[in-house]
$ cat upload_9.cif   # mmCIF, C-alpha atoms
data_input
loop_
_atom_site.label_atom_id
_atom_site.label_comp_id
_atom_site.auth_asym_id
_atom_site.auth_seq_id
_atom_site.Cartn_x
_atom_site.Cartn_y
_atom_site.Cartn_z
CA MET A 1004 0.00 0.00 0.00
CA SER A 1005 1.46 3.37 -1.04
CA ALA A 1006 1.90 6.16 1.48
CA THR A 1007 -0.53 9.10 1.58
CA ASN A 1008 1.21 12.19 0.29
CA LEU A 1009 0.71 15.44 2.21
CA ARG A 1010 1.75 18.58 0.30
CA ILE A 1011 2.95 21.65 2.18
CA MET A 1012 3.63 25.01 0.54
CA THR A 1013 5.67 27.50 2.55
CA GLU A 1014 6.85 31.05 2.00
CA PHE A 1015 9.60 30.79 4.61
CA GLN A 1016 13.22 30.51 3.49
CA ASN A 1017 14.66 28.95 6.65
CA LEU A 1018 13.08 25.52 6.75
CA TYR A 1019 15.05 23.76 9.50
CA ASN A 1020 12.04 23.57 11.82
CA LEU A 1021 9.65 22.39 9.13
CA LEU A 1022 12.15 19.78 7.91
CA ASP A 1023 12.64 18.52 11.47
CA ALA A 1024 8.87 18.20 11.87
CA LYS A 1025 8.58 16.39 8.54
CA ALA A 1026 11.25 13.88 9.55
CA SER A 1027 9.80 13.16 13.00
CA PHE A 1028 6.22 12.94 11.69
CA GLU A 1029 7.17 10.54 8.88
CA LYS A 1030 9.01 8.41 11.44
CA GLU A 1031 5.86 8.21 13.58
CA ARG A 1032 3.62 7.74 10.54
CA PRO A 1033 5.44 5.60 7.94
CA ASP A 1034 2.18 5.50 5.98
CA VAL A 1035 2.57 9.23 5.23
CA SER A 1036 5.03 11.05 2.99
CA ILE A 1037 5.36 14.84 3.09
CA THR A 1038 6.32 16.99 0.14
CA ILE A 1039 7.48 20.55 0.85
CA GLU A 1040 7.06 23.15 -1.91
CA GLN A 1041 8.66 26.60 -1.77
CA ALA A 1042 6.46 29.57 -2.68
CA ALA A 1043 8.12 32.75 -3.92
CA ASP A 1044 5.53 35.12 -2.43
CA HIS A 1045 1.90 35.65 -1.43
CA TYR A 1046 0.78 35.74 -5.06
CA GLU A 1047 2.09 32.26 -5.77
CA THR A 1048 0.42 30.95 -2.62
CA PHE A 1049 -2.89 32.58 -3.59
CA GLN A 1050 -2.74 31.02 -7.03
CA ALA A 1051 -1.95 27.60 -5.59
CA LEU A 1052 -4.85 27.76 -3.12
CA LYS A 1053 -7.29 28.71 -5.88
CA SER A 1054 -6.21 25.87 -8.16
CA ASP A 1055 -7.87 22.46 -8.39
CA GLU A 1056 -4.66 20.88 -7.09
CA SER A 1057 -4.02 23.09 -4.11
CA PRO A 1058 -1.51 21.99 -1.44
CA ASP A 1059 -2.93 20.47 1.74
CA ILE A 1060 -1.17 22.98 4.00
CA VAL A 1061 0.10 26.51 3.36
CA GLU A 1062 2.46 28.48 5.58
CA SER A 1063 3.00 32.20 5.30
CA GLY A 1064 4.86 34.87 7.25
CA GLY A 1065 2.14 37.38 6.52
CA TRP A 1066 -1.54 37.49 7.38
CA ALA A 1067 -2.98 38.54 4.01
CA ILE A 1068 -3.65 34.96 2.93
CA PHE A 1069 -5.56 34.22 6.10
CA ASN A 1070 -7.86 37.21 5.59
CA ARG A 1071 -9.20 35.70 2.35
CA LYS A 1072 -12.49 33.92 2.96
CA GLY A 1073 -13.04 30.49 1.46
CA LEU A 1074 -9.40 29.59 0.82
CA LEU A 1075 -8.63 27.91 4.13
CA ALA A 1076 -10.46 25.55 6.43
CA ASP A 1077 -11.63 26.75 9.84
CA LEU A 1078 -9.47 25.05 12.46
CA LEU A 1079 -11.74 25.80 15.44
CA PRO A 1080 -13.68 22.51 15.04
CA HIS A 1081 -10.36 20.64 15.16
CA VAL A 1082 -9.37 22.61 18.25
CA ALA A 1083 -12.67 21.76 19.94
CA GLU A 1084 -12.22 18.05 19.16
CA THR A 1085 -8.70 17.95 20.65
CA PRO A 1086 -8.98 17.35 24.43
CA GLY A 1087 -7.67 20.29 26.46
CA LEU A 1088 -6.35 22.26 23.50
CA LYS A 1089 -8.84 25.14 23.64
CA GLU A 1090 -7.86 25.89 27.25
CA ASP A 1091 -4.16 25.44 26.51
CA LEU A 1092 -3.91 27.87 23.58
CA ASN A 1093 -2.68 31.28 24.65
CA PRO A 1094 -5.78 33.55 24.76
CA GLY A 1095 -3.86 36.63 23.60
CA VAL A 1096 -2.57 34.84 20.53
CA MET A 1097 -6.01 33.43 19.78
CA ARG A 1098 -7.61 36.85 20.19
CA VAL A 1099 -5.57 38.04 17.22
CA ALA A 1100 -5.47 34.81 15.20
CA CYS A 1101 -9.24 34.26 15.05
CA LYS A 1102 -10.89 36.06 12.16
CA ASP A 1103 -14.67 36.55 11.86
CA GLY A 1104 -15.28 33.72 14.31
CA THR A 1105 -12.94 31.30 12.57
CA LEU A 1106 -9.34 30.19 12.96
CA PRO A 1107 -7.81 30.14 9.46
CA GLY A 1108 -4.35 29.02 10.63
CA LEU A 1109 -2.24 28.06 13.61
CA PRO A 1110 0.11 30.97 14.37
CA VAL A 1111 3.79 30.44 13.65
CA ASP A 1112 6.76 32.84 13.65
CA VAL A 1113 5.17 34.64 16.62
CA ALA A 1114 6.93 37.75 17.95
CA LEU A 1115 6.24 40.93 19.88
CA PRO A 1116 8.41 43.87 21.02
CA LEU A 1117 9.69 44.77 24.47
CA ILE A 1118 12.57 46.89 25.73
CA VAL A 1119 15.83 44.97 26.11
CA TYR A 1120 18.47 46.75 28.18
CA ASN A 1121 22.22 46.31 28.31
CA LYS A 1122 23.13 45.73 31.97
CA GLU A 1123 26.81 46.47 31.39
CA ILE A 1124 26.06 49.95 30.05
CA PHE A 1125 23.77 50.71 33.00
CA ASP A 1126 26.30 49.37 35.50
CA LYS A 1127 29.12 51.41 33.99
CA ALA A 1128 27.00 54.57 34.25
CA GLY A 1129 25.87 53.73 37.77
CA LEU A 1130 22.21 53.88 36.81
CA PRO A 1131 19.42 51.57 38.05
CA TYR A 1132 17.85 49.19 35.57
CA PRO A 1133 14.46 50.20 34.15
CA GLN A 1134 11.45 48.91 36.07
CA GLU A 1135 8.00 47.77 35.02
CA GLY A 1136 5.49 50.61 34.87
CA TRP A 1137 8.03 53.23 33.81
CA THR A 1138 6.84 56.10 31.60
CA TRP A 1139 7.89 57.39 28.20
CA ASP A 1140 9.39 60.49 29.83
CA GLU A 1141 11.39 58.31 32.22
CA MET A 1142 12.67 56.29 29.28
CA MET A 1143 13.75 59.49 27.51
CA GLU A 1144 15.57 60.80 30.60
CA THR A 1145 17.39 57.48 30.95
CA ALA A 1146 18.23 57.38 27.26
CA LYS A 1147 19.65 60.93 27.37
CA LYS A 1148 21.98 60.00 30.23
CA LEU A 1149 23.22 56.99 28.28
CA THR A 1150 23.80 58.67 24.92
CA LEU A 1151 27.45 59.54 24.33
CA ARG A 1152 29.06 61.45 21.46
CA ASN A 1153 32.66 62.21 20.58
CA GLU A 1154 34.16 65.64 19.91
CA GLN A 1155 32.85 65.57 16.37
CA GLY A 1156 29.33 64.87 17.60
CA VAL A 1157 29.31 61.29 16.31
CA GLY A 1158 27.45 58.89 18.58
CA THR A 1159 29.66 56.35 20.31
CA GLN A 1160 26.74 55.06 22.38
CA PHE A 1161 23.01 55.59 21.91
CA GLY A 1162 20.41 55.57 24.64
CA LEU A 1163 17.80 53.82 22.50
CA GLY A 1164 18.06 51.50 19.52
CA PHE A 1165 15.01 51.75 17.27
CA GLY A 1166 14.25 50.97 13.62
CA VAL A 1167 12.32 53.34 11.37
CA ASP A 1168 9.19 51.40 10.51
CA VAL A 1169 5.51 52.28 10.86
CA GLU A 1170 4.83 48.81 12.27
CA GLU A 1171 7.45 49.23 14.98
CA ILE A 1172 5.87 52.53 16.04
CA GLU A 1173 2.44 50.91 16.30
CA PRO A 1174 2.91 49.58 19.88
CA PHE A 1175 3.42 53.15 21.13
CA VAL A 1176 0.41 54.29 19.12
CA MET A 1177 -1.65 51.52 20.75
CA ARG A 1178 -0.36 52.33 24.23
CA ASN A 1179 -1.37 55.95 23.72
CA GLY A 1180 -4.93 54.86 22.93
CA GLY A 1181 -4.64 55.12 19.15
CA ARG A 1182 -5.12 52.71 16.25
CA TYR A 1183 -4.09 52.93 12.62
CA VAL A 1184 -7.27 51.51 11.09
CA SER A 1185 -10.86 50.75 12.06
CA PRO A 1186 -11.62 47.40 13.74
CA ASP A 1187 -13.08 46.07 10.48
CA GLY A 1188 -9.99 47.19 8.55
CA LEU A 1189 -12.03 49.21 6.05
CA THR A 1190 -10.69 52.70 6.75
CA SER A 1191 -7.89 54.60 8.42
CA ARG A 1192 -9.79 57.90 8.30
CA GLY A 1193 -10.63 58.95 11.85
CA TYR A 1194 -8.09 56.44 13.17
CA ALA A 1195 -4.58 57.04 11.80
CA ASP A 1196 -5.19 60.80 11.93
CA GLN A 1197 -6.55 60.92 15.49
CA PRO A 1198 -4.72 63.00 18.16
CA ALA A 1199 -3.48 59.92 20.07
CA VAL A 1200 -1.57 58.73 16.99
CA ILE A 1201 -0.15 62.17 16.23
CA GLU A 1202 1.02 62.60 19.83
CA ALA A 1203 2.77 59.22 19.81
CA TYR A 1204 4.60 60.19 16.63
CA ARG A 1205 5.57 63.59 18.02
CA ARG A 1206 7.17 61.92 21.00
CA LEU A 1207 9.09 59.50 18.84
CA VAL A 1208 10.27 62.17 16.41
CA ASP A 1209 11.39 64.28 19.39
CA ALA A 1210 13.48 61.33 20.55
CA TYR A 1211 15.43 61.68 17.28
CA ARG A 1212 15.41 65.44 16.75
CA VAL A 1213 15.22 67.00 20.23
CA HIS A 1214 16.62 64.46 22.67
CA LYS A 1215 18.91 62.90 20.02
CA VAL A 1216 18.94 59.54 21.79
CA ILE A 1217 18.18 57.44 18.68
CA ARG A 1218 20.46 57.24 15.68
CA ARG A 1219 18.85 59.09 12.76
CA PRO A 1220 18.52 57.35 9.38
CA GLY A 1221 21.87 57.75 7.64
CA GLU A 1222 23.58 59.28 10.68
CA PRO A 1223 27.25 58.32 11.18
CA SER A 1224 27.80 56.09 14.18
CA GLU A 1225 30.59 54.51 16.16
CA ALA A 1226 28.23 52.63 18.48
CA GLY A 1227 28.60 49.27 16.76
CA GLU A 1228 25.80 46.73 16.53
CA LEU A 1229 22.62 46.83 18.61
CA HIS A 1230 23.99 44.41 21.19
CA GLU A 1231 27.14 46.49 21.58
CA GLY A 1232 26.60 50.25 21.91
CA PHE A 1233 22.90 50.71 22.63
CA ALA A 1234 21.65 50.96 26.22
CA LEU A 1235 17.97 50.33 25.50
CA ILE A 1236 16.80 48.33 22.50
CA PHE A 1237 13.30 48.09 21.10
CA GLY A 1238 13.60 44.37 20.57
CA PHE A 1239 11.23 41.87 18.97
CA ALA A 1240 11.47 38.20 19.92
CA TRP A 1241 13.96 37.62 17.11
CA PHE A 1242 16.41 40.01 18.80
CA ALA A 1243 15.94 38.09 22.04
CA GLY A 1244 16.57 34.92 20.04
CA GLY A 1245 19.88 36.33 18.87
CA ILE A 1246 20.83 37.07 22.47
CA ALA A 1247 20.01 33.51 23.50
CA HIS A 1248 21.77 32.03 20.47
CA ASN A 1249 24.98 33.87 21.33
CA GLY A 1250 24.85 33.06 25.03
CA LEU A 1251 24.42 36.69 26.10
CA GLU A 1252 21.44 36.30 28.46
CA ALA A 1253 23.47 37.44 31.47
CA LYS A 1254 24.39 40.70 29.75
CA PHE A 1255 20.80 41.79 29.08
CA GLY A 1256 17.50 42.27 30.86
CA VAL A 1257 13.98 42.78 29.54
CA VAL A 1258 11.28 45.20 30.67
CA GLY A 1259 7.86 46.17 29.36
CA LEU A 1260 7.27 49.07 27.00
CA PRO A 1261 6.91 52.41 28.80
CA ARG A 1262 3.51 53.81 29.72
CA MET A 1263 2.16 56.45 27.37
CA PRO A 1264 -0.20 59.31 28.33
CA GLY A 1265 -3.11 57.40 26.80
CA ALA A 1266 -2.61 54.70 29.45
CA ASP A 1267 -3.60 51.76 27.22
CA ASN A 1268 -1.70 48.69 28.37
CA SER A 1269 -1.51 46.96 24.99
CA ASN A 1270 1.01 45.79 22.44
CA MET A 1271 1.05 44.54 18.88
CA ILE A 1272 1.99 41.04 17.79
CA TYR A 1273 3.62 39.84 14.61
CA MET A 1274 2.90 36.35 13.35
CA GLY A 1275 2.47 34.18 10.33
CA ALA A 1276 0.38 31.03 10.26
CA ALA A 1277 0.05 27.53 8.87
CA GLY A 1278 -3.40 26.60 7.61
CA ILE A 1279 -5.22 23.82 5.79
CA SER A 1280 -6.50 24.37 2.28
CA ALA A 1281 -10.29 24.31 1.96
CA ASN A 1282 -9.79 21.95 -1.00
CA SER A 1283 -7.54 19.48 0.82
CA PRO A 1284 -8.79 15.88 0.63
CA ASN A 1285 -6.65 15.11 3.69
CA ARG A 1286 -7.92 17.60 6.27
CA ASP A 1287 -7.73 15.28 9.28
CA LEU A 1288 -4.23 14.17 8.37
CA ALA A 1289 -3.20 17.78 7.70
CA TRP A 1290 -4.49 18.76 11.15
CA GLU A 1291 -2.55 15.87 12.70
CA PHE A 1292 0.64 17.20 11.11
CA LEU A 1293 -0.09 20.81 12.15
CA ARG A 1294 -0.52 19.71 15.75
CA HIS A 1295 2.80 17.88 15.58
CA TYR A 1296 4.59 20.75 13.85
CA VAL A 1297 3.28 23.72 15.87
CA LEU A 1298 1.98 22.38 19.18
CA GLU A 1299 3.81 19.23 20.22
CA ARG A 1300 7.54 19.77 19.76
CA PRO A 1301 9.33 21.56 22.63
CA GLU A 1302 12.63 20.60 21.00
CA SER A 1303 11.93 23.18 18.27
CA PHE A 1304 12.47 25.89 20.92
CA ARG A 1305 15.69 24.42 22.26
CA HIS A 1306 17.94 24.67 19.24
CA GLY A 1307 19.64 27.80 20.55
CA TYR A 1308 18.44 29.77 17.53
CA THR A 1309 14.76 30.17 18.32
CA TYR A 1310 13.20 33.44 17.18
CA THR A 1311 9.55 32.71 17.86
CA LEU A 1312 7.21 32.13 20.80
CA PRO A 1313 5.19 28.98 21.60
CA ILE A 1314 1.43 29.48 21.38
CA THR A 1315 0.24 27.13 24.13
CA ASN A 1316 0.81 27.43 27.85
CA SER A 1317 2.01 23.84 28.14
CA LEU A 1318 4.52 24.18 25.29
CA ALA A 1319 5.90 27.40 26.80
CA GLU A 1320 6.45 25.54 30.06
CA ARG A 1321 7.90 22.39 28.47
CA SER A 1322 10.25 24.52 26.37
CA GLY A 1323 11.62 26.31 29.43
CA PHE A 1324 10.29 29.70 28.33
CA THR A 1325 8.28 30.40 31.47
CA ASP A 1326 11.44 30.27 33.62
CA HIS A 1327 13.92 31.76 31.15
CA PRO A 1328 15.36 35.18 32.17
CA ILE A 1329 14.68 36.66 28.72
CA TRP A 1330 11.80 34.66 27.24
CA ARG A 1331 9.64 34.74 30.37
CA ARG A 1332 8.74 38.41 29.93
CA TYR A 1333 7.85 37.90 26.27
CA ILE A 1334 5.44 35.11 27.20
CA GLU A 1335 3.82 37.34 29.84
CA GLU A 1336 3.29 40.13 27.28
CA LEU A 1337 1.12 37.87 25.11
CA SER A 1338 -1.75 38.60 27.50
CA VAL A 1339 -2.08 42.22 26.28
CA VAL A 1340 -1.54 41.87 22.52
CA GLN A 1341 -4.05 43.41 20.12
CA THR A 1342 -4.63 43.07 16.40
CA SER A 1343 -2.24 45.13 14.29
CA GLY A 1344 -3.49 47.38 11.52
CA PHE A 1345 -1.30 45.38 9.17
CA TYR A 1346 -3.42 42.28 9.82
CA LEU A 1347 -6.71 44.14 9.57
CA SER A 1348 -6.03 45.86 6.24
CA GLU A 1349 -4.04 44.43 3.36
CA LYS A 1350 -4.16 47.84 1.68
CA TRP A 1351 -2.60 49.53 4.72
CA ASN A 1352 0.08 46.85 4.86
CA SER A 1353 0.98 47.28 1.21
CA SER A 1354 1.58 51.02 1.79
CA ARG A 1355 4.29 50.46 4.39
CA GLN A 1356 7.24 51.55 2.25
CA LEU A 1357 5.60 54.83 1.25
CA ILE A 1358 4.72 55.58 4.88
CA ASN A 1359 8.25 54.74 6.05
CA GLU A 1360 9.72 57.19 3.55
CA GLU A 1361 7.51 59.91 5.02
CA ILE A 1362 8.53 58.97 8.58
CA ILE A 1363 12.17 59.39 7.57
CA ARG A 1364 11.36 62.86 6.28
CA MET A 1365 9.68 63.70 9.60
CA ILE A 1366 12.88 62.69 11.38
CA ASN A 1367 15.52 64.08 9.05
CA GLU A 1368 13.75 67.10 7.57
CA GLY A 1369 11.23 68.03 10.25
CA THR A 1370 8.17 67.79 8.00
CA ASP A 1371 4.84 68.52 9.66
CA ILE A 1372 3.75 65.42 11.60
CA ALA A 1373 -0.02 66.03 11.77
CA ARG A 1374 -0.29 66.99 8.11
CA THR A 1375 1.83 64.03 7.02
CA ILE A 1376 -0.20 61.55 9.06
CA GLU A 1377 -3.46 63.02 7.78
CA GLY A 1378 -2.25 62.11 4.30
CA TRP A 1379 -1.95 58.47 5.32
CA THR A 1380 -5.73 58.15 5.37
CA ARG A 1381 -5.51 57.63 1.61
CA PHE A 1382 -3.85 54.27 2.21
CA ALA A 1383 -6.91 52.52 3.72
#
$ encode --input "upload_9.cif" --output "structure tokens"
Amino acid sequence: MSATNLRIMTEFQNLYNLLDAKASFEKERPDVSITIEQAADHYETFQALKSDESPDIVESGGWAIFNRKGLLADLLPHVAETPGLKEDLNPGVMRVACKDGTLPGLPVDVALPLIVYNKEIFDKAGLPYPQEGWTWDEMMETAKKLTLRNEQGVGTQFGLGFGVDVEEIEPFVMRNGGRYVSPDGLTSRGYADQPAVIEAYRRLVDAYRVHKVIRRPGEPSEAGELHEGFALIFGFAWFAGGIAHNGLEAKFGVVGLPRMPGADNSNMIYMGAAGISANSPNRDLAWEFLRHYVLERPESFRHGYTYTLPITNSLAERSGFTDHPIWRRYIEELSVVQTSGFYLSEKWNSSRQLINEEIIRMINEGTDIARTIEGWTRFA
């Protein structure tokens, strides 16, 4: 009797985890063979899902695919049929992953941002480490004390490491009570241009232009890499993964994002997902593999190069994340995550590069923040 073939299409380039899962699943189920197909982008995945010979499982680093109705099977019935799984899944992750009352995919590549701080820099300056509940103003005062420049004005150490990206600014927008787009994702008018968003951007731009604690785009620097000459780092889980991979846990600590005037204790979450094609003739088998791949393998978080977070409470515990000095705080933060505008609106997401170019002009040229942000309402 020939083995049942399960086809998986993925958009990820680094496949070590998927290949490990394939090998261990095929060992447990010798009656199953798994074929992995590489997709170049979302478009190729869309086309494959709409074809008569769609793959059984698709995996994407973005959420656009999972916003398309009818392409993927709802996984909630499978969750309900699996004893204890509904209670085990992290409620914060599920709050974002469920769409219109359905679960189109199991989240993978899960990450969120926190503030990572360099203990050695703080110790050298004789300053206390940041504490939970600190404010934006307190973060700025700390960052100013820890920004150093040479006689030519070139930064040799920066108080805060931060990338210029509209998505990375979103957590501060959220924490100030703002949102980029409406809850249904249909418009950004009355959302992106609201005062809470503008105020969050003013504070961030001031960090570059007034306080000068963040390296400007294109600014000369002698501070080295993020893990070298930056006291505070706005770090997603993949940065924490790099710390763990290089054995630097003792050098760094992690603290929550600072409180904003809007006093909204929330954060954004980045994630892709793996889902089952609505046309798959092997749905039960595909679900069995997804459980194995995403939910049942603590070893996938012990390679020393993990850059993602487990999505069940039991897997976080079995993987050692709940006791880890770095990962523990990331797991805790999952309780306050909210849906990003980039998941709600594909149109908003596709405008990221244009928005980022305008953010750079705010920082480097001092263009009007409110007027610039008002113009973003054309993007959704």
$ closest_residue --input "upload_9.cif" --among "A:Asn1316, A:Thr1150, A:Asn1367, A:Thr1311" --to "Glu1222 (chain A)" --atoms "all atoms listed in the file"
A:Asn1367
$ atom_distance --input "upload_9.cif" --atom1 "CA of Ser1057 (chain A)" --atom2 "CA of Ser1343 (chain A)"
28.8 Å
$ closest_residue --input "upload_9.cif" --among "A:Ile1236, A:Leu1347, A:Ala1276, A:Met1142" --to "Leu1117 (chain A)" --atoms "all atoms listed in the file"
A:Ile1236
$ residues_near_point --input "upload_9.cif" --point "(15.7, 32.7, 15.2)" --cutoff "6 Å" --atoms "all atoms listed in the file" --output "JSON, numbers by chain"
{"A": [1241, 1244, 1308, 1309, 1310]}
$ residues_around --input "upload_9.cif" --residues "region 1096-1098 of chain A" --least-positions-apart "5" --cutoff "10 Å" --atoms "all atoms listed in the file" --output "PyMOL selection string"
chain A and resi 1089+1106+1109-1110+1113+1272-1274+1313-1315+1337-1342
$ resolve_selection --input "upload_9.cif" --expression "the PyMOL selection byres ((chain A and resi 1380-1383) around 9)" --output "PyMOL selection string"
chain A and resi 1184+1188-1196+1348-1354+1376-1379
$ resolve_selection --input "upload_9.cif" --expression "the PyMOL selection byres ((chain A and resi 1209) around 12)" --output "VMD selection string"
chain A and resid 1139 to 1140 1143 1147 1202 to 1208 1210 to 1217 1219 1365 to 1367 1369 1372
$ atom_distance --input "upload_9.cif" --atom1 "CA of Lys1254 (chain A)" --atom2 "CA of Lys1122 (chain A)"
5.6 Å
$ resolve_selection --input "upload_9.cif" --expression "the PyMOL selection byres ((chain A and resi 1038) around 9)" --output "PyMOL selection string"
chain A and resi 1008-1012+1025+1036-1037+1039-1040
$ write_last_selection --input "upload_9.cif" --atoms "C-alpha atoms" --output "CSV table (one decimal), in the frame of the given file"
chain,number,residue,atom,x,y,z
A,1008,ASN,CA,1.2,12.2,0.3
A,1009,LEU,CA,0.7,15.4,2.2
A,1010,ARG,CA,1.8,18.6,0.3
A,1011,ILE,CA,3.0,21.6,2.2
A,1012,MET,CA,3.6,25.0,0.5
A,1025,LYS,CA,8.6,16.4,8.5
A,1036,SER,CA,5.0,11.0,3.0
A,1037,ILE,CA,5.4,14.8,3.1
A,1039,ILE,CA,7.5,20.6,0.8
A,1040,GLU,CA,7.1,23.2,-1.9
$ closest_residue --input "upload_9.cif" --among "A:Tyr1333, A:Phe1324, A:Tyr1046, A:Phe1255" --to "Pro1133 (chain A)" --atoms "all atoms listed in the file"
A:Phe1255
$ residues_around --input "upload_9.cif" --residues "region 1072-1084 of chain A" --least-positions-apart "2" --cutoff "10 Å" --atoms "all atoms listed in the file" --output "PyMOL selection string"
chain A and resi 1049+1052-1053+1057+1059-1061+1068-1070+1086-1090+1092+1101-1109+1277-1283+1286-1287+1290-1291+1294
$ write_last_selection --input "upload_9.cif" --atoms "C-alpha atoms" --output "PDB file, keeping the file's coordinate frame"
ATOM      1  CA  PHE A1049      -2.890  32.580  -3.590  1.00  0.00           C
ATOM      2  CA  LEU A1052      -4.850  27.760  -3.120  1.00  0.00           C
ATOM      3  CA  LYS A1053      -7.290  28.710  -5.880  1.00  0.00           C
ATOM      4  CA  SER A1057      -4.020  23.090  -4.110  1.00  0.00           C
ATOM      5  CA  ASP A1059      -2.930  20.470   1.740  1.00  0.00           C
ATOM      6  CA  ILE A1060      -1.170  22.980   4.000  1.00  0.00           C
ATOM      7  CA  VAL A1061       0.100  26.510   3.360  1.00  0.00           C
ATOM      8  CA  ILE A1068      -3.650  34.960   2.930  1.00  0.00           C
ATOM      9  CA  PHE A1069      -5.560  34.220   6.100  1.00  0.00           C
ATOM     10  CA  ASN A1070      -7.860  37.210   5.590  1.00  0.00           C
ATOM     11  CA  PRO A1086      -8.980  17.350  24.430  1.00  0.00           C
ATOM     12  CA  GLY A1087      -7.670  20.290  26.460  1.00  0.00           C
ATOM     13  CA  LEU A1088      -6.350  22.260  23.500  1.00  0.00           C
ATOM     14  CA  LYS A1089      -8.840  25.140  23.640  1.00  0.00           C
ATOM     15  CA  GLU A1090      -7.860  25.890  27.250  1.00  0.00           C
ATOM     16  CA  LEU A1092      -3.910  27.870  23.580  1.00  0.00           C
ATOM     17  CA  CYS A1101      -9.240  34.260  15.050  1.00  0.00           C
ATOM     18  CA  LYS A1102     -10.890  36.060  12.160  1.00  0.00           C
ATOM     19  CA  ASP A1103     -14.670  36.550  11.860  1.00  0.00           C
ATOM     20  CA  GLY A1104     -15.280  33.720  14.310  1.00  0.00           C
ATOM     21  CA  THR A1105     -12.940  31.300  12.570  1.00  0.00           C
ATOM     22  CA  LEU A1106      -9.340  30.190  12.960  1.00  0.00           C
ATOM     23  CA  PRO A1107      -7.810  30.140   9.460  1.00  0.00           C
ATOM     24  CA  GLY A1108      -4.350  29.020  10.630  1.00  0.00           C
ATOM     25  CA  LEU A1109      -2.240  28.060  13.610  1.00  0.00           C
ATOM     26  CA  ALA A1277       0.050  27.530   8.870  1.00  0.00           C
ATOM     27  CA  GLY A1278      -3.400  26.600   7.610  1.00  0.00           C
ATOM     28  CA  ILE A1279      -5.220  23.820   5.790  1.00  0.00           C
ATOM     29  CA  SER A1280      -6.500  24.370   2.280  1.00  0.00           C
ATOM     30  CA  ALA A1281     -10.290  24.310   1.960  1.00  0.00           C
ATOM     31  CA  ASN A1282      -9.790  21.950  -1.000  1.00  0.00           C
ATOM     32  CA  SER A1283      -7.540  19.480   0.820  1.00  0.00           C
ATOM     33  CA  ARG A1286      -7.920  17.600   6.270  1.00  0.00           C
ATOM     34  CA  ASP A1287      -7.730  15.280   9.280  1.00  0.00           C
ATOM     35  CA  TRP A1290      -4.490  18.760  11.150  1.00  0.00           C
ATOM     36  CA  GLU A1291      -2.550  15.870  12.700  1.00  0.00           C
ATOM     37  CA  ARG A1294      -0.520  19.710  15.750  1.00  0.00           C
TER      38      ARG A1294
END
$ closest_residue --input "upload_9.cif" --among "A:Ala1289, A:Gly1245, A:Ala1199, A:Val1167" --to "Arg1355 (chain A)" --atoms "only C-alpha atoms"
A:Val1167
$ closest_atom_pairs --input "upload_9.cif" --of "region 1083-1183 of chain A" --to "region 1226-1229 of chain A" --cutoff "12 Å" --atoms "only C-alpha atoms" --output "Markdown table"
| residue | atom | partner | partner_atom | distance |
| --- | --- | --- | --- | --- |
| A:Val1119 | CA | A:Leu1229 | CA | 10.3 |
| A:Tyr1120 | CA | A:Leu1229 | CA | 10.4 |
| A:Asn1121 | CA | A:Leu1229 | CA | 9.7 |
| A:Leu1149 | CA | A:Ala1226 | CA | 11.8 |
| A:Thr1150 | CA | A:Ala1226 | CA | 9.9 |
| A:Leu1151 | CA | A:Ala1226 | CA | 9.1 |
| A:Arg1152 | CA | A:Ala1226 | CA | 9.3 |
| A:Asn1153 | CA | A:Ala1226 | CA | 10.8 |
| A:Val1157 | CA | A:Ala1226 | CA | 9.0 |
| A:Gly1158 | CA | A:Ala1226 | CA | 6.3 |
| A:Thr1159 | CA | A:Ala1226 | CA | 4.4 |
| A:Gln1160 | CA | A:Ala1226 | CA | 4.8 |
| A:Phe1161 | CA | A:Ala1226 | CA | 6.9 |
| A:Gly1162 | CA | A:Ala1226 | CA | 10.4 |
| A:Leu1163 | CA | A:Leu1229 | CA | 9.3 |
| A:Gly1164 | CA | A:Leu1229 | CA | 6.6 |
| A:Phe1165 | CA | A:Leu1229 | CA | 9.2 |
| A:Gly1166 | CA | A:Leu1229 | CA | 10.6 |
$ residues_around --input "upload_9.cif" --residues "Glu1170 (chain A)" --least-positions-apart "3" --cutoff "8 Å" --atoms "only C-alpha atoms" --output "ChimeraX atom specification"
/A:1173-1174,1345
$ write_last_selection --input "upload_9.cif" --atoms "C-alpha atoms" --output "compact mmCIF listing (two decimals), in the frame of the given file"
# COMPACT_ATOMS: atom_id res chain seq x y z
CA GLU A 1173 2.44 50.91 16.30
CA PRO A 1174 2.91 49.58 19.88
CA PHE A 1345 -1.30 45.38 9.17
$ residues_around --input "upload_9.cif" --residues "Ala1253 (chain A)" --least-positions-apart "2" --cutoff "10 Å" --atoms "all atoms listed in the file" --output "number ranges by chain"
A: 1121-1123, 1246-1247, 1250-1251, 1255-1256, 1328-1329
$ write_last_selection --input "upload_9.cif" --atoms "C-alpha atoms" --output "PDB file, keeping the file's coordinate frame"
ATOM      1  CA  ASN A1121      22.220  46.310  28.310  1.00  0.00           C
ATOM      2  CA  LYS A1122      23.130  45.730  31.970  1.00  0.00           C
ATOM      3  CA  GLU A1123      26.810  46.470  31.390  1.00  0.00           C
ATOM      4  CA  ILE A1246      20.830  37.070  22.470  1.00  0.00           C
ATOM      5  CA  ALA A1247      20.010  33.510  23.500  1.00  0.00           C
ATOM      6  CA  GLY A1250      24.850  33.060  25.030  1.00  0.00           C
ATOM      7  CA  LEU A1251      24.420  36.690  26.100  1.00  0.00           C
ATOM      8  CA  PHE A1255      20.800  41.790  29.080  1.00  0.00           C
ATOM      9  CA  GLY A1256      17.500  42.270  30.860  1.00  0.00           C
ATOM     10  CA  PRO A1328      15.360  35.180  32.170  1.00  0.00           C
ATOM     11  CA  ILE A1329      14.680  36.660  28.720  1.00  0.00           C
TER      12      ILE A1329
END
